[in-house]
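Participant: Here you go, one structure.
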Amino acid sequence: RDWSSDVCSSDLASLGWAQEKPSKISGDFLYTVEKESKHVTITGYQGNADSLVVPPKIEGMVVSKVGEKAFSHVTSLTEVSLPEGLREIDKHAFSGCYYLARVKLPQSLTTLGDASFSQCRALSRIDFPSQLTNIPSESFSGCSSLEQITIPAKVTQIGDHAFSECITLKNVLVSVGVESIGDHAFAGCLELREVTLLKDRKSTRLNSSHEWISR
């Protein structure tokens, strides 16, 4: 007897066996559509542009998320502009984009995934949107050209290794909302000597044994 015929798709989903939704294609973008919200998640990129503008809508539907590894290791990219309406950038979305020097993040963005911009070695500046709520583990690790950052007020936590190996990082301004900074968040930041904590209205001078920067 073929027992598979007795197992419905919902049973498979409950067991973690459900297949991922197949991606559609629009130009150089691969994407999926959320059934209820009709919002688009970009799941991949097939082009080789150096300067890229991600559209705010695809087939009339709002692009609200960049999916896991969607642009990972697209080494042609040097500049990316992300649209208003985008709310989430998933883990490893732009990791390994070695020549990505400029990223425009929309004010609508609230969530970053782990290692979302890790190893973007040419990235020299990042302007965080005011609505951002998290900076997770390894999100900018290995961004070896990054020189300064300001953490916006709605961020409550900076994850482990979030900015590790940012070897040219000199200035960090942490806004009042941050409640915790993870272990090794600034490990390997060779030029970083002070982190200004606005909550305490003071600068904290770091040394090699500090848990934020120790290896």
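By order of appearance in the structure tokens: chains A, B, ..., then residues from 1 within every chain, and ligands from 1 in the order shown.
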Quick one: residues within 7 Å of segment 79-84 of chain A, only C-alpha atoms counted, chain neighbours fewer than 6 positions away excluded, as a PyMOL selection string?

Facilitator: chain A and resi 50-56+100-108

Participant: List every residue of segment 9-183 of chain A that DSSP, applied to the backbone of this structure, assigns to alpha helix (DSSP H), and report them as a CSV table (one decimal) with C-alpha atoms, in the first residue's frame.

Facilitator:
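And here's result.csv as it stands now:
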chain,number,residue,atom,x,y,z
A,9,SER,CA,0.0,18.5,3.2
A,10,SER,CA,-1.0,19.9,6.6
A,11,ASP,CA,0.4,16.7,8.3
A,12,LEU,CA,3.7,17.2,6.4
A,13,ALA,CA,3.8,20.9,7.4
A,14,SER,CA,3.4,19.9,11.1

Participant: If DSSP is run on the backbone, what residues of segment 1-141 of chain A are strand (DSSP E or B)? A reply as JSON, numbers by chain would be ideal.

Facilitator: {"A": [24, 25, 26, 29, 30, 31, 32, 33, 40, 41, 42, 43, 44, 45, 51, 52, 53, 57, 58, 61, 62, 63, 64, 65, 66, 79, 80, 81, 88, 89, 102, 103, 104, 111, 112, 125, 135]}

Participant: State, in Å with one decimal place, the distance from atom CA of Ser72 of chain A to atom CA of Ile151 of chain A.

Facilitator: 24.2 Å

Participant: Would you please work out which residue, of A:Leu77, A:Cys97, A:Leu169, A:Ile89, is nearest to Thr43 of chain A when using only C-alpha atoms?

Facilitator: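 Looking only at the distances to Thr43 of chain A, the closest residue turns out to be A:Ile89.
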
Participant: Looking at A:Gly177, A:Leu109, A:Thr196, A:Ala115, which one is nearest to Phe128 of chain A, with distances taken over only C-alpha atoms?

Facilitator: A:Leu109

Participant: Considering only C-alpha atoms, can you say which of A:Ile126, A:Ile25, A:Ala93, A:Ala162 comes closest to Gln46 of chain A?

Facilitator: A:Ile25

Participant: Show which residues sit within 12 Å of Glu34 of chain A, as a count of residues only. Count only C-alpha atoms, and ignore same-chain residues fewer than 6 positions away.

Facilitator: 11

Participant: May I ask which of the residues A:Gly188, A:Ser130, A:Lys57, A:Thr168 is the closest one to Ser26 of chain A, counting only C-alpha atoms?

Facilitator: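 Once distances to Ser26 of chain A are computed over only C-alpha atoms, the minimum belongs to A:Lys57.
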
Participant: Which residue, A:Gly47, A:Pro129, A:Gly113, A:Gly96, has the smallest gap to Glu68 of chain A when you use only C-alpha atoms?

Facilitator: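 For Glu68 of chain A, the nearest of the candidates is A:Gly113.
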
Participant: Of the candidates A:Glu59, A:Asp160, A:Glu165, A:Glu138, which one gets nearest to Arg121 of chain A if we count only C-alpha atoms?

Facilitator: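 For Arg121 of chain A, the nearest of the given residues is A:Glu165.
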
Participant: Work out how far apart atom CA of Ser164 of chain A and atom CA of Ser144 of chain A are and give it in Å to one decimal.

Facilitator: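 Answer for the atom CA of Ser164 of chain A to atom CA of Ser144 of chain A separation: 9.2 Å.
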